[in-house]
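K.L.:
Enclosed is the structure file coords25.tsv (TSV, C-alpha atoms).
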```
chain	number	residue	atom	x	y	z
A	5	MET	CA	122.78	98.78	112.91
A	6	THR	CA	121.02	101.97	111.76
A	7	LYS	CA	117.39	102.27	112.83
A	8	GLN	CA	114.72	104.31	111.08
A	9	HIS	CA	111.28	105.60	111.98
A	10	LEU	CA	108.89	104.93	109.08
A	11	THR	CA	105.97	107.37	108.75
A	12	ARG	CA	104.38	106.26	105.47
A	13	ALA	CA	101.57	104.30	107.17
A	14	SER	CA	100.97	107.16	109.60
A	15	GLY	CA	100.38	109.52	106.68
A	16	GLU	CA	97.80	107.10	105.28
A	17	LEU	CA	96.10	106.82	108.68
A	18	PHE	CA	95.48	110.57	108.83
A	19	ARG	CA	94.28	111.03	105.24
A	20	ARG	CA	91.89	108.11	104.83
A	21	ALA	CA	88.13	108.44	105.31
A	22	PRO	CA	86.28	105.70	107.25
A	23	ASP	CA	84.77	104.25	104.05
A	24	GLU	CA	88.31	103.65	102.69
A	25	ARG	CA	89.31	101.39	105.61
A	26	PHE	CA	89.04	97.59	105.56
A	27	PRO	CA	89.29	95.23	108.54
A	28	SER	CA	91.06	92.34	106.77
A	29	LEU	CA	92.77	91.36	103.54
A	30	ASP	CA	89.78	89.21	102.63
A	31	ALA	CA	87.42	92.17	102.94
A	32	LEU	CA	89.81	94.34	100.93
A	33	LEU	CA	90.15	91.65	98.25
A	34	ALA	CA	86.37	91.32	97.91
A	35	HIS	CA	86.10	95.08	97.40
A	36	CYS	CA	88.92	95.17	94.83
A	37	ARG	CA	87.48	92.24	92.88
A	38	ARG	CA	84.06	93.86	92.80
A	39	GLU	CA	85.60	97.12	91.60
A	40	LYS	CA	87.56	95.28	88.89
A	41	ASP	CA	84.49	93.32	87.72
A	42	GLU	CA	82.38	96.48	87.51
A	43	SER	CA	85.02	98.53	85.64
A	44	ALA	CA	85.78	98.49	81.92
A	45	ASP	CA	88.56	99.84	79.70
A	46	ARG	CA	87.35	101.80	76.69
A	47	TRP	CA	89.71	102.82	73.89
A	48	VAL	CA	88.47	105.79	71.90
A	49	SER	CA	90.01	108.15	69.36
A	50	PRO	CA	90.28	111.81	70.39
A	51	ALA	CA	87.54	112.64	67.89
A	52	GLN	CA	85.13	110.32	69.75
A	53	LEU	CA	85.70	112.05	73.07
A	54	VAL	CA	82.92	114.65	73.31
A	55	PRO	CA	82.46	116.84	76.41
A	56	GLU	CA	78.89	117.98	76.97
A	57	ALA	CA	76.62	119.45	79.60
A	58	THR	CA	74.32	116.79	81.05
A	59	PRO	CA	70.59	117.34	81.71
A	60	ASP	CA	71.24	117.44	85.47
A	61	GLY	CA	73.58	120.43	85.07
A	62	ARG	CA	76.97	118.71	85.21
A	63	LEU	CA	79.89	118.27	82.86
A	64	GLY	CA	79.87	114.88	81.16
A	65	LEU	CA	82.03	113.07	78.66
A	66	ARG	CA	80.69	111.01	75.78
A	67	ALA	CA	82.86	108.21	74.41
A	68	GLY	CA	81.65	107.53	70.91
A	69	SER	CA	78.10	106.23	71.18
A	70	ASP	CA	78.43	105.57	74.94
A	71	GLY	CA	77.68	108.04	77.69
A	72	PRO	CA	77.67	110.71	78.68
A	73	PHE	CA	79.77	109.57	81.65
A	74	ALA	CA	80.20	111.59	84.83
A	75	LEU	CA	83.69	112.65	85.91
A	76	ASN	CA	85.06	112.26	89.43
A	77	ASP	CA	87.66	114.61	90.87
A	78	TRP	CA	90.59	112.52	89.63
A	79	SER	CA	89.40	111.93	86.06
A	80	PHE	CA	88.33	115.58	85.79
A	81	GLY	CA	91.85	116.62	86.75
A	82	GLN	CA	93.31	114.24	84.16
A	83	LEU	CA	91.00	115.68	81.48
A	84	CYS	CA	92.19	119.18	82.38
A	85	GLY	CA	95.77	117.96	82.08
A	86	LEU	CA	95.13	116.56	78.60
A	87	ALA	CA	93.54	119.84	77.53
A	88	LYS	CA	96.28	121.86	79.28
A	89	VAL	CA	93.73	124.05	81.04
A	90	GLY	CA	93.69	124.93	84.72
A	91	LYS	CA	91.37	122.84	86.87
A	92	GLU	CA	90.50	125.86	89.01
A	93	THR	CA	89.65	127.87	85.90
A	94	VAL	CA	87.30	125.23	84.49
A	95	ASN	CA	85.59	124.85	87.87
A	96	ARG	CA	84.48	128.49	87.61
A	97	LEU	CA	82.72	127.89	84.27
A	98	THR	CA	79.20	126.65	83.72
A	99	PRO	CA	78.99	123.06	82.41
A	100	ASP	CA	77.95	124.30	78.98
A	101	THR	CA	80.87	126.75	78.77
A	102	ALA	CA	83.29	124.18	80.16
A	103	SER	CA	82.23	121.61	77.55
A	104	ARG	CA	82.84	124.12	74.75
A	105	ALA	CA	86.24	125.02	76.24
A	106	PHE	CA	87.27	121.36	76.30
A	107	ARG	CA	86.17	120.83	72.72
A	108	GLU	CA	88.55	123.57	71.66
A	109	THR	CA	91.49	122.49	73.82
A	110	LEU	CA	91.49	118.68	73.94
A	111	PRO	CA	94.23	117.20	71.71
A	112	GLY	CA	93.43	115.78	68.30
A	113	GLY	CA	95.42	113.21	66.38
A	114	THR	CA	94.94	109.51	65.88
A	115	LYS	CA	96.45	108.02	69.05
A	116	PRO	CA	93.61	106.50	71.10
A	117	LEU	CA	92.78	107.45	74.66
A	118	GLN	CA	92.13	104.92	77.41
A	119	LEU	CA	89.10	105.47	79.64
A	120	LEU	CA	88.42	103.38	82.74
A	121	THR	CA	84.70	103.49	83.45
A	122	ARG	CA	82.57	102.09	86.22
A	123	GLY	CA	78.84	102.25	85.71
A	124	GLU	CA	78.04	105.75	84.47
A	125	SER	CA	81.25	107.41	85.66
A	126	ILE	CA	84.83	107.69	84.42
A	127	ARG	CA	87.52	106.67	86.89
A	128	SER	CA	90.54	107.67	84.80
A	129	VAL	CA	91.71	109.02	81.43
A	130	HIS	CA	95.08	107.94	80.01
A	131	GLY	CA	97.10	107.86	76.83
A	132	THR	CA	98.65	104.78	75.24
A	133	ALA	CA	101.76	104.77	77.47
A	134	TYR	CA	99.83	103.82	80.62
A	135	THR	CA	99.39	100.14	81.59
A	136	ARG	CA	97.04	99.20	84.41
A	137	LEU	CA	97.73	96.80	87.27
A	138	HIS	CA	94.54	95.97	89.11
A	139	ASN	CA	94.40	96.17	92.89
A	140	ALA	CA	92.62	92.81	92.97
A	141	ASP	CA	95.63	91.07	91.41
A	142	LEU	CA	98.02	92.62	93.93
A	143	VAL	CA	95.87	91.88	96.99
A	144	GLY	CA	95.11	88.38	95.70
A	145	MET	CA	98.85	87.68	95.60
A	146	LEU	CA	99.21	88.91	99.20
A	147	THR	CA	96.46	86.58	100.45
A	148	GLU	CA	98.37	83.68	98.91
A	149	TYR	CA	101.96	84.50	99.88
A	150	ALA	CA	101.66	86.61	103.05
A	151	THR	CA	99.39	84.24	104.97
A	152	ASP	CA	100.84	84.97	108.43
A	153	PHE	CA	100.71	88.75	108.03
A	154	THR	CA	97.87	90.83	109.46
A	155	PRO	CA	97.09	94.53	109.85
A	156	PRO	CA	98.66	96.16	112.94
A	157	GLN	CA	96.53	97.17	115.90
A	158	ALA	CA	93.86	99.72	114.94
A	159	GLY	CA	95.07	103.30	115.04
A	160	PHE	CA	93.81	105.84	117.57
A	161	ASN	CA	91.08	106.94	115.11
A	162	GLY	CA	90.05	103.43	114.14
A	163	ALA	CA	92.21	103.34	111.00
A	164	THR	CA	93.18	99.78	110.08
A	165	GLY	CA	96.29	99.92	107.89
A	166	LEU	CA	94.31	98.52	104.94
A	167	TYR	CA	92.95	101.21	102.62
A	168	CYS	CA	91.41	101.52	99.19
A	169	GLY	CA	89.86	104.70	97.85
A	170	GLU	CA	88.90	106.30	94.59
A	171	GLN	CA	92.51	106.94	93.62
A	172	ASP	CA	94.77	104.34	95.24
A	173	LEU	CA	95.38	101.40	97.56
A	174	PHE	CA	97.70	101.00	100.55
A	175	CYS	CA	98.34	97.99	102.80
A	176	PHE	CA	100.32	97.88	106.06
A	177	LEU	CA	100.91	94.32	107.26
A	178	ILE	CA	102.99	92.78	110.06
A	179	ASP	CA	103.63	89.29	111.38
A	180	PRO	CA	102.78	89.55	115.11
A	181	SER	CA	104.27	86.10	115.82
A	182	GLY	CA	107.40	86.57	113.73
A	183	TRP	CA	109.66	88.07	116.40
A	184	ALA	CA	113.31	87.24	115.92
A	185	GLU	CA	116.69	88.41	117.15
A	186	ILE	CA	118.89	90.81	115.18
A	187	ASP	CA	122.15	91.84	116.84
A	188	GLY	CA	120.79	90.95	120.25
A	189	GLU	CA	117.50	92.85	119.91
A	190	ALA	CA	113.96	91.65	119.13
A	191	PHE	CA	112.39	92.62	115.81
A	192	ALA	CA	109.31	91.52	113.83
A	193	PRO	CA	108.82	91.64	110.04
A	194	GLY	CA	106.40	93.90	108.21
A	195	PHE	CA	105.82	95.65	104.92
A	196	PHE	CA	103.90	98.35	103.07
A	197	VAL	CA	102.37	97.74	99.63
A	198	TRP	CA	100.76	100.37	97.41
A	199	ASN	CA	99.18	100.71	93.96
A	200	SER	CA	96.86	102.86	91.89
A	201	GLU	CA	94.59	101.64	89.12
A	202	VAL	CA	94.07	105.20	87.89
A	203	GLY	CA	97.62	106.57	87.72
A	204	LYS	CA	97.80	108.35	91.08
A	205	ARG	CA	100.97	106.57	92.22
A	206	SER	CA	103.42	103.81	91.33
A	207	VAL	CA	103.09	100.19	92.42
A	208	GLY	CA	105.57	99.08	95.04
A	209	ILE	CA	106.55	97.46	98.32
A	210	GLN	CA	108.73	98.39	101.29
A	211	THR	CA	109.80	95.56	103.62
A	212	PHE	CA	111.39	96.02	107.04
A	213	TRP	CA	112.00	94.62	110.52
A	214	PHE	CA	110.61	96.76	113.35
A	215	GLN	CA	110.41	96.96	117.14
A	216	LYS	CA	107.22	98.95	117.77
A	217	VAL	CA	104.11	100.34	116.05
A	218	CYS	CA	102.33	103.16	117.87
A	219	ALA	CA	98.68	104.26	117.71
A	220	ASN	CA	99.61	106.73	114.97
A	221	HIS	CA	100.97	103.79	112.93
A	222	ILE	CA	104.50	105.15	113.04
A	223	VAL	CA	106.90	102.20	112.70
A	224	TRP	CA	109.66	102.65	115.27
A	225	ASP	CA	113.25	101.43	115.05
A	226	ALA	CA	113.01	99.74	111.67
A	227	VAL	CA	116.05	98.03	110.17
A	228	GLU	CA	116.81	96.27	106.88
A	229	VAL	CA	114.43	98.59	105.05
A	230	ILE	CA	114.16	97.57	101.38
A	231	GLU	CA	111.99	99.34	98.80
A	232	PHE	CA	110.93	98.44	95.27
A	233	ALA	CA	108.64	100.51	93.03
A	234	ARG	CA	107.68	100.61	89.37
A	235	LYS	CA	105.72	102.99	87.17
A	236	HIS	CA	102.64	101.85	85.26
A	237	THR	CA	104.33	101.39	81.91
A	238	ALA	CA	104.35	98.47	79.47
A	239	ARG	CA	106.09	95.99	81.80
A	240	VAL	CA	104.23	96.85	84.99
A	241	GLY	CA	102.73	93.34	85.08
A	242	THR	CA	106.15	91.93	86.01
A	243	ALA	CA	106.06	94.09	89.16
A	244	LEU	CA	103.64	91.56	90.65
A	245	ASP	CA	106.33	88.87	90.46
A	246	ASP	CA	108.94	91.24	91.88
A	247	ILE	CA	106.70	92.15	94.84
A	248	ARG	CA	105.93	88.47	95.43
A	249	ARG	CA	109.68	87.73	95.55
A	250	HIS	CA	110.18	90.50	98.13
A	251	VAL	CA	107.42	88.98	100.30
A	252	GLU	CA	108.89	85.49	99.92
A	253	ALA	CA	112.36	86.76	100.86
A	254	LEU	CA	110.94	88.41	103.99
A	255	VAL	CA	109.12	85.20	104.96
A	256	ALA	CA	112.23	83.08	104.40
A	257	LYS	CA	114.36	85.41	106.52
A	258	ARG	CA	111.66	85.39	109.22
A	259	ASP	CA	111.61	81.60	109.37
A	260	GLU	CA	115.39	81.42	109.54
A	261	ARG	CA	115.61	84.00	112.30
A	262	ARG	CA	112.58	82.76	114.22
A	263	ASP	CA	114.09	79.28	114.55
A	264	GLY	CA	117.25	80.82	115.98
A	265	PHE	CA	115.26	83.12	118.25
A	266	ALA	CA	113.20	80.21	119.58
A	267	ALA	CA	116.40	78.42	120.57
A	268	VAL	CA	117.62	81.54	122.38
A	269	ILE	CA	114.32	81.89	124.28
A	270	LYS	CA	114.39	78.22	125.28
A	271	LYS	CA	117.89	78.65	126.66
A	272	ALA	CA	116.94	81.93	128.39
A	273	MET	CA	114.12	80.10	130.23
A	274	ARG	CA	116.65	77.66	131.71
A	275	GLU	CA	119.68	79.78	132.56
A	276	LYS	CA	119.75	81.99	135.64
A	277	LEU	CA	121.39	85.39	135.93
A	278	GLY	CA	122.29	84.76	139.55
A	279	SER	CA	121.44	82.72	142.62
A	280	ASP	CA	120.12	85.54	144.81
A	281	ALA	CA	118.65	89.05	144.45
A	282	GLU	CA	121.91	90.92	145.14
A	283	GLU	CA	123.89	88.90	142.61
A	284	VAL	CA	121.18	89.44	139.98
A	285	MET	CA	121.06	93.20	140.62
A	286	LYS	CA	124.84	93.43	140.12
A	287	ALA	CA	124.50	91.53	136.82
A	288	LEU	CA	121.73	93.86	135.68
A	289	ALA	CA	123.86	96.89	136.57
A	290	LYS	CA	126.56	95.60	134.23
A	291	HIS	CA	123.96	95.82	131.44
A	292	GLY	CA	123.29	99.48	132.15
A	293	LEU	CA	120.19	99.21	134.35
A	294	SER	CA	119.83	101.62	137.23
A	295	ARG	CA	119.73	100.09	140.70
A	296	GLY	CA	116.14	101.23	141.18
A	297	LEU	CA	114.93	99.61	137.95
A	298	ALA	CA	116.94	96.45	138.65
A	299	LYS	CA	115.41	96.22	142.14
A	300	GLN	CA	111.89	96.55	140.72
A	301	ALA	CA	112.55	93.82	138.16
A	302	VAL	CA	113.99	91.44	140.79
A	303	GLU	CA	110.98	92.00	143.06
A	304	MET	CA	108.60	91.11	140.20
A	305	VAL	CA	110.19	87.70	139.61
A	306	ALA	CA	108.12	85.10	141.42
A	307	GLY	CA	109.76	82.49	143.63
A	308	GLY	CA	113.27	83.80	143.14
A	309	ARG	CA	113.58	82.04	139.76
A	310	PHE	CA	115.99	84.58	138.30
A	311	THR	CA	116.14	83.16	134.80
A	312	ILE	CA	117.14	85.47	131.97
A	313	PHE	CA	113.69	85.12	130.45
A	314	ALA	CA	111.90	85.95	133.73
A	315	LEU	CA	113.93	89.14	134.13
A	316	VAL	CA	113.38	90.19	130.49
A	317	ASP	CA	109.66	89.68	130.99
A	318	ALA	CA	109.71	91.74	134.20
A	319	LEU	CA	111.51	94.61	132.47
A	320	THR	CA	109.07	94.50	129.56
A	321	ARG	CA	106.13	94.81	131.97
A	322	LEU	CA	107.85	97.70	133.77
A	323	ALA	CA	108.37	99.48	130.44
A	324	ARG	CA	104.62	99.47	129.82
A	325	GLN	CA	104.15	101.55	132.97
A	326	VAL	CA	106.49	104.31	131.75
A	327	GLU	CA	104.81	107.37	130.27
A	328	HIS	CA	107.35	108.64	127.74
A	329	VAL	CA	108.05	106.68	124.56
A	330	GLY	CA	111.80	107.34	124.67
A	331	ASP	CA	112.12	105.97	128.21
A	332	ARG	CA	109.98	102.92	127.33
A	333	THR	CA	112.14	102.21	124.32
A	334	ALA	CA	115.34	102.50	126.38
A	335	ILE	CA	114.08	99.90	128.87
A	336	ASP	CA	112.97	97.58	126.07
A	337	VAL	CA	116.42	97.82	124.48
A	338	GLN	CA	118.07	96.99	127.82
A	339	ALA	CA	115.74	94.04	128.29
A	340	ALA	CA	116.44	92.73	124.80
A	341	SER	CA	120.20	93.02	125.41
A	342	LEU	CA	119.89	90.47	128.21
A	343	LEU	CA	118.86	87.85	125.66
A	344	THR	CA	122.36	87.99	124.18
A	345	LEU	CA	123.48	86.13	127.31
A	346	ALA	CA	121.50	83.11	126.05
A	347	ALA	CA	122.67	83.38	122.44
```
Translate the structure described by the file into structure tokens.

P.N.:
Amino acid sequence: MTKQHLTRASGELFRRAPDERFPSLDALLAHCRREKDESADRWVSPAQLVPEATPDGRLGLRAGSDGPFALNDWSFGQLCGLAKVGKETVNRLTPDTASRAFRETLPGGTKPLQLLTRGESIRSVHGTAYTRLHNADLVGMLTEYATDFTPPQAGFNGATGLYCGEQDLFCFLIDPSGWAEIDGEAFAPGFFVWNSEVGKRSVGIQTFWFQKVCANHIVWDAVEVIEFARKHTARVGTALDDIRRHVEALVAKRDERRDGFAAVIKKAMREKLGSDAEEVMKALAKHGLSRGLAKQAVEMVAGGRFTIFALVDALTRLARQVEHVGDRTAIDVQAASLLTLAA
């Protein structure tokens, strides 16, 4: 069983501003629905796209009789890409000079351009090949099919695992009650989902089973890592069904494994590892525990009830007192291995 450390959520934690974080899926869904309701697609011919300097000294873009619209950093970069001019170069020009430069460099032709506007600003500029998938549709599906999944514990800087900014969306969700046994070790299910309404990134999902999530939102010891992604082309709408099927498959596997795990735990709460402290310490030594650690675990078990479950619980509590992550993980693995005795 090959384990991986997944750092995708950690990267999001460090790059997201506080106003891009959301405490729950419901709060994120409300934001995405509001953003969808307030945005509009506008199809215009290249001839109708007119850059101009606005009265407040900025570069604006008129779309036919509408506008001028302001550009954000992302849509400005897309406009530069269409015109094949350097973003850094245009940023050094005055708005009036920049507007004249764009008029000379923006492509002509008859193929329409797709503008996504919100209020008086342009969120994105695309050609005909791009097809949008709204964040609200993706998050709405998650609220329906991933009902037991929640964000992980807040990161060290308050980051939540649920993000939506000007350019893209990212969700990190786990099932904190979905622990199950895989090859004698305890794992819980989780997944990442991402999308962009403005062409920043693909839409996709990565599902996995994990053992720990740290304050940096690094996912430790992940197994069964499965990823699906799709570009925003004509059939991107079917990606929603594909992502839903990945979530449903993860839930079905969780239910199957959790039932088996519950039976193991029930048995572990009945069966003893030995009748006295010395016999239990010898049994623990056979599972790779040092005599000192085994002695500590035995002393923590109340009333001499040396059940497998009681000893696993004692080792788990001892692991929390260990400073280094590697040592904590080693103890947790040893504790989990004891559960195989009840399988």

K.L.:
Expressed in Å to a single decimal, how great is the separation between atom CA of A:Lys91 and atom CA of A:Arg66?

P.N.:
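Between atom CA of A:Lys91 and atom CA of A:Arg66 the gap works out to 19.4 Å.
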
K.L.:
Compare A:Thr344, A:Ser294, A:Ser206, A:Ser200 by their minimum atom-to-atom distance to A:Trp78, counting all atoms listed in the file, and give me the closest one.

P.N.:
A:Ser200

K.L.:
Under the rule that all atoms listed in the file are counted, which of A:Gly85, A:Gly208, A:Pro156, A:Gly203 is the nearest residue to A:Ser181?

P.N.:
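Of all the options, A:Pro156 lies closest to A:Ser181.
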
K.L.:
Figure out the distance between atom CA of A:Glu327 and atom CA of A:Leu315, please, to one decimal in Å.

P.N.:
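It comes out at 20.7 Å.
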
K.L.:
Using all atoms listed in the file, determine which residues lie at most 7 Å from A:Pro180, disregarding the query and same-chain residues fewer than 2 positions distant; provide the list as a PyMOL selection string.

P.N.:
chain A and resi 178+182+192

K.L.:
Show which residues sit within 10 Å of A:Arg25, as an MDAnalysis selection string. Count only C-alpha atoms, and ignore same-chain residues fewer than 2 positions away.

P.N.:
chainID A and resid 17 20:23 27:28 31:32 162:169 174

K.L.:
Can you work out the spacing between atom CA of A:Ser125 and atom CA of A:Gly64 in Å, to one decimal?

P.N.:
8.8 Å

K.L.:
Find the residue from A:Ala289, A:Ile269, A:Ala306, A:Leu120 that sits nearest to A:Leu343; use all atoms listed in the file when measuring.

P.N.:
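Checking each of A:Ala289, A:Ile269, A:Ala306, A:Leu120 against A:Leu343, counting all atoms listed in the file, the winner is A:Ile269.
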
K.L.:
Kindly indicate which residue among A:Leu137, A:Leu83, A:Val48, A:Leu146 lies nearest to A:Gly113, using only C-alpha atoms for the distances.

P.N.:
A:Val48

K.L.:
Give me the residues within 9 Å of stretch 238-251 of chain A as a PyMOL selection string, counting all atoms listed in the file and dropping any in the same chain fewer than 5 places off.

P.N.:
chain A and resi 133-137+141-142+145-146+149-150+195+197+207-211+230+232-233+256

K.L.:
Put those residues in a file: C-alpha atoms, as a tab-separated table (two decimals), keeping the file's coordinate frame.

P.N.:
```tsv
chain	number	residue	atom	x	y	z
A	133	ALA	CA	101.76	104.77	77.47
A	134	TYR	CA	99.83	103.82	80.62
A	135	THR	CA	99.39	100.14	81.59
A	136	ARG	CA	97.04	99.20	84.41
A	137	LEU	CA	97.73	96.80	87.27
A	141	ASP	CA	95.63	91.07	91.41
A	142	LEU	CA	98.02	92.62	93.93
A	145	MET	CA	98.85	87.68	95.60
A	146	LEU	CA	99.21	88.91	99.20
A	149	TYR	CA	101.96	84.50	99.88
A	150	ALA	CA	101.66	86.61	103.05
A	195	PHE	CA	105.82	95.65	104.92
A	197	VAL	CA	102.37	97.74	99.63
A	207	VAL	CA	103.09	100.19	92.42
A	208	GLY	CA	105.57	99.08	95.04
A	209	ILE	CA	106.55	97.46	98.32
A	210	GLN	CA	108.73	98.39	101.29
A	211	THR	CA	109.80	95.56	103.62
A	230	ILE	CA	114.16	97.57	101.38
A	232	PHE	CA	110.93	98.44	95.27
A	233	ALA	CA	108.64	100.51	93.03
A	256	ALA	CA	112.23	83.08	104.40
```

K.L.:
Select, from A:Glu228, A:Asp317, A:Asp30, A:Asp259, the residue with the minimum atom-to-atom distance to A:Trp183, counting only C-alpha atoms.

P.N.:
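The answer is A:Asp259, which sits nearest to A:Trp183.
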
K.L.:
At most 12 Å from (85.1, 106.3, 71.2), file frame, only C-alpha atoms: which residues, as JSON, numbers by chain?

P.N.:
{"A": [45, 46, 47, 48, 49, 50, 51, 52, 53, 54, 65, 66, 67, 68, 69, 70, 71, 72, 114, 115, 116, 117, 118, 119]}

K.L.:
Take the residues just selected and output them with C-alpha atoms as a PDB file, in the coordinates of the input.

P.N.:
```
ATOM      1  CA  ASP A  45      88.560  99.840  79.700  1.00  0.00           C
ATOM      2  CA  ARG A  46      87.350 101.800  76.690  1.00  0.00           C
ATOM      3  CA  TRP A  47      89.710 102.820  73.890  1.00  0.00           C
ATOM      4  CA  VAL A  48      88.470 105.790  71.900  1.00  0.00           C
ATOM      5  CA  SER A  49      90.010 108.150  69.360  1.00  0.00           C
ATOM      6  CA  PRO A  50      90.280 111.810  70.390  1.00  0.00           C
ATOM      7  CA  ALA A  51      87.540 112.640  67.890  1.00  0.00           C
ATOM      8  CA  GLN A  52      85.130 110.320  69.750  1.00  0.00           C
ATOM      9  CA  LEU A  53      85.700 112.050  73.070  1.00  0.00           C
ATOM     10  CA  VAL A  54      82.920 114.650  73.310  1.00  0.00           C
ATOM     11  CA  LEU A  65      82.030 113.070  78.660  1.00  0.00           C
ATOM     12  CA  ARG A  66      80.690 111.010  75.780  1.00  0.00           C
ATOM     13  CA  ALA A  67      82.860 108.210  74.410  1.00  0.00           C
ATOM     14  CA  GLY A  68      81.650 107.530  70.910  1.00  0.00           C
ATOM     15  CA  SER A  69      78.100 106.230  71.180  1.00  0.00           C
ATOM     16  CA  ASP A  70      78.430 105.570  74.940  1.00  0.00           C
ATOM     17  CA  GLY A  71      77.680 108.040  77.690  1.00  0.00           C
ATOM     18  CA  PRO A  72      77.670 110.710  78.680  1.00  0.00           C
ATOM     19  CA  THR A 114      94.940 109.510  65.880  1.00  0.00           C
ATOM     20  CA  LYS A 115      96.450 108.020  69.050  1.00  0.00           C
ATOM     21  CA  PRO A 116      93.610 106.500  71.100  1.00  0.00           C
ATOM     22  CA  LEU A 117      92.780 107.450  74.660  1.00  0.00           C
ATOM     23  CA  GLN A 118      92.130 104.920  77.410  1.00  0.00           C
ATOM     24  CA  LEU A 119      89.100 105.470  79.640  1.00  0.00           C
TER      25      LEU A 119
END
```

K.L.:
Could you tell me which of A:Asp225, A:Glu252, A:Asp280, A:Asp336 comes closest to A:Gln8 if we count all atoms listed in the file?

P.N.:
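Ranking A:Asp225, A:Glu252, A:Asp280, A:Asp336 by distance to A:Gln8, first place goes to A:Asp225.
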
K.L.:
Near A:Leu75, counting all atoms listed in the file, which residues have an atom at most 10 Å away, once you skip same-chain residues fewer than 6 positions from it, shown as a list in words?

P.N.:
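The contact residues come out as Arg62, Leu63, Gly64, Leu65, Gly81, Gln82, Leu83, Thr121, Glu124, Ser125, Ile126, Arg127, Ser128 and Val129 of chain A.
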
K.L.:
Near stretch 308-312 of chain A, counting all atoms listed in the file, which residues have an atom at most 12 Å away, once you skip same-chain residues fewer than 2 positions from it, shown as a ChimeraX atom specification?

P.N.:
/A:268-285,287-288,298,301-306,314-319,339-347

K.L.:
Would you mind completing stretch 218-233 of chain A so that it carries N, CA and C atoms, and writing it out as a short mmCIF file (atom, residue, chain, number, x, y, z; two decimals), keeping the file's coordinate frame?

P.N.:
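Writing done, so here's selection.cif:
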```cif
data_model
loop_
_atom_site.label_atom_id
_atom_site.label_comp_id
_atom_site.auth_asym_id
_atom_site.auth_seq_id
_atom_site.Cartn_x
_atom_site.Cartn_y
_atom_site.Cartn_z
N CYS A 218 103.15 102.40 116.93
CA CYS A 218 102.33 103.16 117.87
C CYS A 218 100.93 103.38 117.32
N ALA A 219 100.07 104.03 118.10
CA ALA A 219 98.68 104.26 117.71
C ALA A 219 98.54 105.19 116.52
N ASN A 220 99.60 105.91 116.19
CA ASN A 220 99.61 106.73 114.97
C ASN A 220 100.13 105.96 113.77
N HIS A 221 100.42 104.67 113.96
CA HIS A 221 100.97 103.79 112.93
C HIS A 221 102.34 104.25 112.44
N ILE A 222 103.09 104.93 113.32
CA ILE A 222 104.50 105.15 113.04
C ILE A 222 105.24 103.86 113.38
N VAL A 223 106.11 103.41 112.48
CA VAL A 223 106.90 102.20 112.70
C VAL A 223 108.24 102.63 113.30
N TRP A 224 108.48 102.20 114.53
CA TRP A 224 109.66 102.65 115.27
C TRP A 224 110.81 101.65 115.14
N ASP A 225 112.02 102.22 115.01
CA ASP A 225 113.25 101.43 115.05
C ASP A 225 113.25 100.32 114.00
N ALA A 226 113.00 100.70 112.76
CA ALA A 226 113.01 99.74 111.67
C ALA A 226 114.43 99.56 111.12
N VAL A 227 114.74 98.34 110.77
CA VAL A 227 116.05 98.03 110.17
C VAL A 227 115.81 97.20 108.91
N GLU A 228 116.87 97.04 108.13
CA GLU A 228 116.81 96.27 106.88
C GLU A 228 115.63 96.71 106.02
N VAL A 229 115.52 98.01 105.83
CA VAL A 229 114.43 98.59 105.05
C VAL A 229 114.77 98.49 103.57
N ILE A 230 113.93 97.79 102.81
CA ILE A 230 114.16 97.57 101.38
C ILE A 230 112.93 98.03 100.62
N GLU A 231 113.12 98.81 99.56
CA GLU A 231 111.99 99.34 98.80
C GLU A 231 112.14 99.02 97.31
N PHE A 232 111.01 98.67 96.71
CA PHE A 232 110.93 98.44 95.27
C PHE A 232 109.68 99.13 94.75
N ALA A 233 109.80 99.83 93.62
CA ALA A 233 108.64 100.51 93.03
C ALA A 233 108.79 100.52 91.52
#
```
